[in-house]
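Chemist: Compact mmCIF, N, CA and C atoms, file start.txt:
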# COMPACT_ATOMS: atom_id res chain seq x y z
N MET J 5 104.25 -67.00 -107.32
CA MET J 5 103.71 -68.22 -107.88
C MET J 5 104.15 -68.33 -109.35
N ILE J 6 104.28 -69.53 -109.80
CA ILE J 6 104.68 -69.81 -111.17
C ILE J 6 103.43 -70.06 -112.01
N PHE J 7 103.46 -69.62 -113.26
CA PHE J 7 102.39 -69.95 -114.19
C PHE J 7 103.01 -70.35 -115.52
N ASN J 8 102.23 -71.12 -116.32
CA ASN J 8 102.73 -71.53 -117.64
C ASN J 8 101.67 -71.40 -118.73
N LYS J 9 100.55 -70.80 -118.38
CA LYS J 9 99.49 -70.59 -119.36
C LYS J 9 98.72 -69.34 -119.00
N VAL J 10 98.42 -68.52 -120.01
CA VAL J 10 97.65 -67.30 -119.82
C VAL J 10 96.47 -67.32 -120.77
N GLU J 11 95.29 -67.03 -120.24
CA GLU J 11 94.10 -66.85 -121.07
C GLU J 11 93.73 -65.38 -120.99
N LEU J 12 93.78 -64.71 -122.14
CA LEU J 12 93.51 -63.28 -122.21
C LEU J 12 92.39 -63.04 -123.19
N ASN J 13 91.23 -62.63 -122.68
CA ASN J 13 90.05 -62.37 -123.53
C ASN J 13 89.76 -63.52 -124.48
N GLY J 14 89.85 -64.76 -123.98
CA GLY J 14 89.49 -65.93 -124.77
C GLY J 14 90.62 -66.53 -125.59
N THR J 15 91.79 -65.89 -125.62
CA THR J 15 92.94 -66.42 -126.35
C THR J 15 93.92 -67.02 -125.35
N THR J 16 94.40 -68.24 -125.62
CA THR J 16 95.32 -68.92 -124.72
C THR J 16 96.75 -68.81 -125.23
N TYR J 17 97.65 -68.47 -124.33
CA TYR J 17 99.08 -68.36 -124.62
C TYR J 17 99.84 -69.31 -123.71
N ASP J 18 100.80 -70.06 -124.25
CA ASP J 18 101.68 -70.89 -123.45
C ASP J 18 102.91 -70.06 -123.10
N ILE J 19 102.90 -69.52 -121.89
CA ILE J 19 103.93 -68.59 -121.44
C ILE J 19 104.36 -68.98 -120.03
N ASP J 20 105.65 -69.07 -119.82
CA ASP J 20 106.18 -69.31 -118.48
C ASP J 20 106.45 -67.97 -117.82
N GLY J 21 106.08 -67.87 -116.55
CA GLY J 21 106.33 -66.63 -115.84
C GLY J 21 106.08 -66.76 -114.37
N GLN J 22 106.20 -65.63 -113.69
CA GLN J 22 105.97 -65.56 -112.25
C GLN J 22 104.87 -64.55 -111.97
N LEU J 23 104.08 -64.85 -110.96
CA LEU J 23 102.94 -64.02 -110.56
C LEU J 23 103.11 -63.62 -109.11
N ARG J 24 102.83 -62.35 -108.85
CA ARG J 24 102.79 -61.86 -107.47
C ARG J 24 101.50 -61.06 -107.31
N ILE J 25 100.69 -61.43 -106.33
CA ILE J 25 99.45 -60.71 -106.07
C ILE J 25 99.69 -59.76 -104.91
N LYS J 26 99.39 -58.49 -105.15
CA LYS J 26 99.62 -57.47 -104.14
C LYS J 26 98.28 -57.04 -103.54
N GLU J 27 98.31 -56.01 -102.72
CA GLU J 27 97.09 -55.54 -102.07
C GLU J 27 96.05 -55.09 -103.11
N ASP J 28 94.81 -55.08 -102.72
CA ASP J 28 93.70 -54.66 -103.56
C ASP J 28 93.60 -55.50 -104.85
N ASN J 29 94.03 -56.77 -104.77
CA ASN J 29 93.94 -57.72 -105.89
C ASN J 29 94.74 -57.26 -107.11
N GLU J 30 95.73 -56.42 -106.92
CA GLU J 30 96.63 -56.00 -107.98
C GLU J 30 97.60 -57.16 -108.26
N ALA J 31 97.80 -57.46 -109.52
CA ALA J 31 98.68 -58.57 -109.88
C ALA J 31 99.84 -58.07 -110.72
N LYS J 32 101.01 -58.61 -110.43
CA LYS J 32 102.21 -58.28 -111.20
C LYS J 32 102.77 -59.58 -111.77
N ILE J 33 103.05 -59.58 -113.09
CA ILE J 33 103.62 -60.76 -113.70
C ILE J 33 104.96 -60.42 -114.35
N ILE J 34 105.83 -61.42 -114.39
CA ILE J 34 107.13 -61.30 -115.05
C ILE J 34 107.21 -62.47 -116.04
N PHE J 35 107.56 -62.15 -117.29
CA PHE J 35 107.62 -63.17 -118.34
C PHE J 35 108.56 -62.67 -119.43
N GLU J 36 108.87 -63.52 -120.43
CA GLU J 36 109.78 -63.07 -121.48
C GLU J 36 109.25 -63.30 -122.90
N ASP J 37 107.98 -63.57 -123.07
CA ASP J 37 107.41 -63.81 -124.39
C ASP J 37 107.17 -62.48 -125.12
N LEU J 38 107.88 -62.27 -126.23
CA LEU J 38 107.82 -61.01 -126.98
C LEU J 38 106.43 -60.73 -127.53
N MET J 39 105.78 -61.72 -128.13
CA MET J 39 104.47 -61.51 -128.74
C MET J 39 103.42 -61.11 -127.69
N PHE J 40 103.42 -61.82 -126.57
CA PHE J 40 102.48 -61.50 -125.51
C PHE J 40 102.79 -60.12 -124.92
N GLY J 41 104.08 -59.81 -124.78
CA GLY J 41 104.48 -58.50 -124.28
C GLY J 41 103.99 -57.38 -125.18
N ASN J 42 104.10 -57.58 -126.50
CA ASN J 42 103.60 -56.58 -127.44
C ASN J 42 102.09 -56.42 -127.35
N ASN J 43 101.36 -57.53 -127.14
CA ASN J 43 99.90 -57.44 -126.96
C ASN J 43 99.56 -56.61 -125.73
N LEU J 44 100.28 -56.85 -124.63
CA LEU J 44 100.01 -56.09 -123.42
C LEU J 44 100.38 -54.61 -123.57
N LYS J 45 101.48 -54.33 -124.29
CA LYS J 45 101.86 -52.93 -124.54
C LYS J 45 100.77 -52.21 -125.31
N GLU J 46 100.19 -52.90 -126.30
CA GLU J 46 99.11 -52.29 -127.09
C GLU J 46 97.88 -52.02 -126.22
N LEU J 47 97.53 -52.98 -125.35
CA LEU J 47 96.39 -52.78 -124.44
C LEU J 47 96.66 -51.60 -123.50
N HIS J 48 97.90 -51.49 -123.03
CA HIS J 48 98.26 -50.40 -122.12
C HIS J 48 98.18 -49.05 -122.83
N THR J 49 98.70 -48.99 -124.06
CA THR J 49 98.69 -47.74 -124.83
C THR J 49 97.27 -47.27 -125.09
N LYS J 50 96.40 -48.21 -125.44
CA LYS J 50 95.00 -47.88 -125.74
C LYS J 50 94.16 -47.72 -124.48
N GLU J 51 94.75 -48.04 -123.31
CA GLU J 51 94.01 -48.06 -122.05
C GLU J 51 92.77 -48.94 -122.17
N ALA J 52 92.93 -50.05 -122.89
CA ALA J 52 91.81 -50.97 -123.14
C ALA J 52 91.54 -51.84 -121.92
N ASN J 53 90.27 -52.15 -121.74
CA ASN J 53 89.84 -53.01 -120.66
C ASN J 53 90.05 -54.48 -121.06
N ILE J 54 90.59 -55.26 -120.14
CA ILE J 54 90.72 -56.71 -120.34
C ILE J 54 89.48 -57.35 -119.73
N GLU J 55 88.69 -57.98 -120.58
CA GLU J 55 87.44 -58.57 -120.11
C GLU J 55 87.67 -59.75 -119.17
N HIS J 56 88.64 -60.61 -119.51
CA HIS J 56 88.89 -61.79 -118.68
C HIS J 56 90.36 -62.18 -118.77
N LEU J 57 91.01 -62.33 -117.62
CA LEU J 57 92.42 -62.72 -117.53
C LEU J 57 92.54 -63.89 -116.56
N VAL J 58 93.13 -64.99 -117.03
CA VAL J 58 93.34 -66.17 -116.19
C VAL J 58 94.79 -66.60 -116.34
N LEU J 59 95.46 -66.84 -115.21
CA LEU J 59 96.81 -67.37 -115.19
C LEU J 59 96.76 -68.75 -114.55
N LYS J 60 97.37 -69.73 -115.21
CA LYS J 60 97.31 -71.12 -114.73
C LYS J 60 98.70 -71.73 -114.68
N ASN J 61 98.84 -72.71 -113.79
CA ASN J 61 100.00 -73.57 -113.79
C ASN J 61 99.46 -74.97 -114.06
N THR J 62 99.72 -75.48 -115.25
CA THR J 62 99.10 -76.69 -115.78
C THR J 62 97.60 -76.46 -115.79
N ASP J 63 96.83 -77.18 -114.98
CA ASP J 63 95.38 -76.97 -114.96
C ASP J 63 94.91 -76.24 -113.72
N GLU J 64 95.83 -75.86 -112.84
CA GLU J 64 95.46 -75.18 -111.61
C GLU J 64 95.42 -73.67 -111.85
N THR J 65 94.27 -73.06 -111.58
CA THR J 65 94.11 -71.62 -111.76
C THR J 65 94.81 -70.90 -110.61
N ARG J 66 95.72 -69.99 -110.98
CA ARG J 66 96.46 -69.22 -109.98
C ARG J 66 95.86 -67.82 -109.81
N TYR J 67 95.28 -67.28 -110.87
CA TYR J 67 94.72 -65.93 -110.83
C TYR J 67 93.62 -65.86 -111.87
N ASP J 68 92.47 -65.35 -111.49
CA ASP J 68 91.33 -65.25 -112.40
C ASP J 68 90.60 -63.96 -112.07
N THR J 69 90.56 -63.05 -113.05
CA THR J 69 89.92 -61.77 -112.79
C THR J 69 89.23 -61.27 -114.06
N LYS J 70 88.35 -60.32 -113.88
CA LYS J 70 87.62 -59.73 -115.00
C LYS J 70 87.69 -58.21 -114.89
N ASN J 71 87.59 -57.56 -116.05
CA ASN J 71 87.52 -56.11 -116.14
C ASN J 71 88.69 -55.40 -115.44
N VAL J 72 89.90 -55.71 -115.90
CA VAL J 72 91.10 -55.04 -115.41
C VAL J 72 91.81 -54.35 -116.57
N LYS J 73 92.80 -53.55 -116.24
CA LYS J 73 93.62 -52.89 -117.25
C LYS J 73 95.09 -53.15 -116.93
N VAL J 74 95.92 -53.03 -117.97
CA VAL J 74 97.36 -53.07 -117.77
C VAL J 74 97.73 -51.68 -117.25
N SER J 75 98.04 -51.60 -115.97
CA SER J 75 98.33 -50.28 -115.39
C SER J 75 99.79 -49.89 -115.58
N HIS J 76 100.65 -50.87 -115.83
CA HIS J 76 102.08 -50.58 -115.99
C HIS J 76 102.73 -51.73 -116.73
N ILE J 77 103.62 -51.43 -117.67
CA ILE J 77 104.40 -52.47 -118.35
C ILE J 77 105.78 -51.90 -118.69
N THR J 78 106.80 -52.68 -118.36
CA THR J 78 108.18 -52.30 -118.66
C THR J 78 108.93 -53.54 -119.12
N ILE J 79 110.08 -53.32 -119.72
CA ILE J 79 110.95 -54.43 -120.09
C ILE J 79 112.31 -54.18 -119.44
N ASP J 80 112.83 -55.24 -118.84
CA ASP J 80 114.10 -55.18 -118.13
C ASP J 80 114.99 -56.28 -118.71
N GLY J 81 115.86 -55.91 -119.64
CA GLY J 81 116.65 -56.93 -120.33
C GLY J 81 115.74 -57.72 -121.24
N LYS J 82 115.56 -58.99 -120.97
CA LYS J 82 114.67 -59.81 -121.79
C LYS J 82 113.33 -60.09 -121.10
N PHE J 83 113.13 -59.56 -119.89
CA PHE J 83 111.90 -59.84 -119.15
C PHE J 83 110.94 -58.66 -119.16
N TYR J 84 109.67 -58.96 -119.39
CA TYR J 84 108.60 -57.98 -119.26
C TYR J 84 108.07 -58.03 -117.83
N HIS J 85 107.69 -56.86 -117.32
CA HIS J 85 107.05 -56.73 -116.02
C HIS J 85 105.73 -56.00 -116.29
N ALA J 86 104.62 -56.67 -116.00
CA ALA J 86 103.30 -56.05 -116.24
C ALA J 86 102.47 -56.09 -114.97
N THR J 87 101.75 -55.02 -114.73
CA THR J 87 100.88 -54.92 -113.58
C THR J 87 99.45 -54.72 -114.05
N PHE J 88 98.53 -55.46 -113.42
CA PHE J 88 97.10 -55.38 -113.74
C PHE J 88 96.34 -54.86 -112.55
N LYS J 89 95.45 -53.91 -112.81
CA LYS J 89 94.56 -53.35 -111.77
C LYS J 89 93.15 -53.37 -112.27
What do you get writing this file as structure tokens?

Modeler:
Amino acid sequence: MIFNKVELNGTTYDIDGQLRIKEDNEAKIIFEDLMFGNNLKELHTKEANIEHLVLKNTDETRYDTKNVKVSHITIDGKFYHATFK
């Protein structure tokens, strides 16, 4: 699924990306925004809990979850790959 807006702990980011929901409500996103990628890397390093994460395409909610962590984040060329559990 495609998304163009992310709400992370009350902060909204205009980011284009792709979402894939896997088993056990695990979500994987691919995007290329450097600032957002750095925020997720920091959350991953600190093993910090994300209180609320929402991914939207325009006004349609594609993914909405609470109390997850960034379980994995990598960069492949210019694209970030992040997984939330």

Chemist: Go through segment 17-69 of chain J and collect every residue that DSSP, computed from the backbone, puts in helix (DSSP H, G or I); the answer should be as a PDB file with N, CA and C atoms, in the coordinates of the input.

Modeler:
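Result saved to states09.pdb:
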ATOM      1  N   GLU J  27      98.310 -56.010-102.720  1.00  0.00           N
ATOM      2  CA  GLU J  27      97.090 -55.540-102.070  1.00  0.00           C
ATOM      3  C   GLU J  27      96.050 -55.090-103.110  1.00  0.00           C
ATOM      4  N   ASP J  28      94.810 -55.080-102.720  1.00  0.00           N
ATOM      5  CA  ASP J  28      93.700 -54.660-103.560  1.00  0.00           C
ATOM      6  C   ASP J  28      93.600 -55.500-104.850  1.00  0.00           C
ATOM      7  N   ASN J  29      94.030 -56.770-104.770  1.00  0.00           N
ATOM      8  CA  ASN J  29      93.940 -57.720-105.890  1.00  0.00           C
ATOM      9  C   ASN J  29      94.740 -57.260-107.110  1.00  0.00           C
ATOM     10  N   LEU J  38     107.880 -62.270-126.230  1.00  0.00           N
ATOM     11  CA  LEU J  38     107.820 -61.010-126.980  1.00  0.00           C
ATOM     12  C   LEU J  38     106.430 -60.730-127.530  1.00  0.00           C
ATOM     13  N   MET J  39     105.780 -61.720-128.130  1.00  0.00           N
ATOM     14  CA  MET J  39     104.470 -61.510-128.740  1.00  0.00           C
ATOM     15  C   MET J  39     103.420 -61.110-127.690  1.00  0.00           C
ATOM     16  N   PHE J  40     103.420 -61.820-126.570  1.00  0.00           N
ATOM     17  CA  PHE J  40     102.480 -61.500-125.510  1.00  0.00           C
ATOM     18  C   PHE J  40     102.790 -60.120-124.920  1.00  0.00           C
ATOM     19  N   GLY J  41     104.080 -59.810-124.780  1.00  0.00           N
ATOM     20  CA  GLY J  41     104.480 -58.500-124.280  1.00  0.00           C
ATOM     21  C   GLY J  41     103.990 -57.380-125.180  1.00  0.00           C
ATOM     22  N   ASN J  42     104.100 -57.580-126.500  1.00  0.00           N
ATOM     23  CA  ASN J  42     103.600 -56.580-127.440  1.00  0.00           C
ATOM     24  C   ASN J  42     102.090 -56.420-127.350  1.00  0.00           C
ATOM     25  N   ASN J  43     101.360 -57.530-127.140  1.00  0.00           N
ATOM     26  CA  ASN J  43      99.900 -57.440-126.960  1.00  0.00           C
ATOM     27  C   ASN J  43      99.560 -56.610-125.730  1.00  0.00           C
ATOM     28  N   LEU J  44     100.280 -56.850-124.630  1.00  0.00           N
ATOM     29  CA  LEU J  44     100.010 -56.090-123.420  1.00  0.00           C
ATOM     30  C   LEU J  44     100.380 -54.610-123.570  1.00  0.00           C
ATOM     31  N   LYS J  45     101.480 -54.330-124.290  1.00  0.00           N
ATOM     32  CA  LYS J  45     101.860 -52.930-124.540  1.00  0.00           C
ATOM     33  C   LYS J  45     100.770 -52.210-125.310  1.00  0.00           C
ATOM     34  N   GLU J  46     100.190 -52.900-126.300  1.00  0.00           N
ATOM     35  CA  GLU J  46      99.110 -52.290-127.090  1.00  0.00           C
ATOM     36  C   GLU J  46      97.880 -52.020-126.220  1.00  0.00           C
ATOM     37  N   LEU J  47      97.530 -52.980-125.350  1.00  0.00           N
ATOM     38  CA  LEU J  47      96.390 -52.780-124.440  1.00  0.00           C
ATOM     39  C   LEU J  47      96.660 -51.600-123.500  1.00  0.00           C
ATOM     40  N   HIS J  48      97.900 -51.490-123.030  1.00  0.00           N
ATOM     41  CA  HIS J  48      98.260 -50.400-122.120  1.00  0.00           C
ATOM     42  C   HIS J  48      98.180 -49.050-122.830  1.00  0.00           C
ATOM     43  N   THR J  49      98.700 -48.990-124.060  1.00  0.00           N
ATOM     44  CA  THR J  49      98.690 -47.740-124.830  1.00  0.00           C
ATOM     45  C   THR J  49      97.270 -47.270-125.090  1.00  0.00           C
ATOM     46  N   LYS J  50      96.400 -48.210-125.440  1.00  0.00           N
ATOM     47  CA  LYS J  50      95.000 -47.880-125.740  1.00  0.00           C
ATOM     48  C   LYS J  50      94.160 -47.720-124.480  1.00  0.00           C
TER      49      LYS J  50
END

Chemist: Using only C-alpha atoms, find the one residue out of J:Asp37, J:Glu46, J:Glu51, J:Asp18 that sits nearest to His85 of chain J.

Modeler: J:Asp37

Chemist: Ranking J:Ile77, J:Ile6, J:Leu38, J:Lys89 by minimum distance to Arg24 of chain J and counting only N, CA and C atoms, which one comes first?

Modeler: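 Of the candidates, the smallest distance to Arg24 of chain J is held by J:Ile6.
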
Chemist: Could you tell me which of J:His76, J:Lys60, J:Lys26, J:Arg66 comes closest to Lys45 of chain J if we count all atoms listed in the file?

Modeler: J:His76

Chemist: Identify all residues of chain J in strand (DSSP E or B) (DSSP on the backbone) and supply them as a PyMOL selection string.

Modeler: chain J and resi 6-7+9-12+15-17+21-25+31-35+54-61+64-72+74-80+83-88

Chemist: So what do you get for atom N of Ser75 of chain J versus atom CA of Asn29 of chain J, distance-wise?

Modeler: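 Interatomic distance here is 12.5 Å.
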
Chemist: State, in Å with one decimal place, the distance from atom N of Tyr84 of chain J to atom N of Ile34 of chain J.

Modeler: 6.8 Å

Chemist: Please report the interatomic distance between atom C of Thr62 of chain J and atom N of Thr78 of chain J in Å with one decimal.

Modeler: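 Value for the atom C of Thr62 of chain J-atom N of Thr78 of chain J distance: 25.6 Å.
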
Chemist: Do you know which residues are at most 12 Å from Asn8 of chain J counting only C-alpha atoms, after dropping those on the same chain fewer than 6 positions away, and could you put them as a list in words?

Modeler: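 Once the nearby chain positions are removed, what remains is Thr16, Tyr17, Asp18, Ile19, Asp20, Gly21, Gln22, Leu23, Ile33, Ile34, Phe35, Glu36, Asp37, Val58, Leu59, Lys60, Asn61, Thr62, Asp63, Glu64, Thr65, Arg66 and Tyr67 of chain J.
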
Chemist: Go through J:Val74, J:Ala31, J:Leu57, J:Ile79 and flag the residue nearest Leu44 of chain J, using only C-alpha atoms for the distances.

Modeler: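 Looking only at the distances to Leu44 of chain J, the closest residue turns out to be J:Val74.
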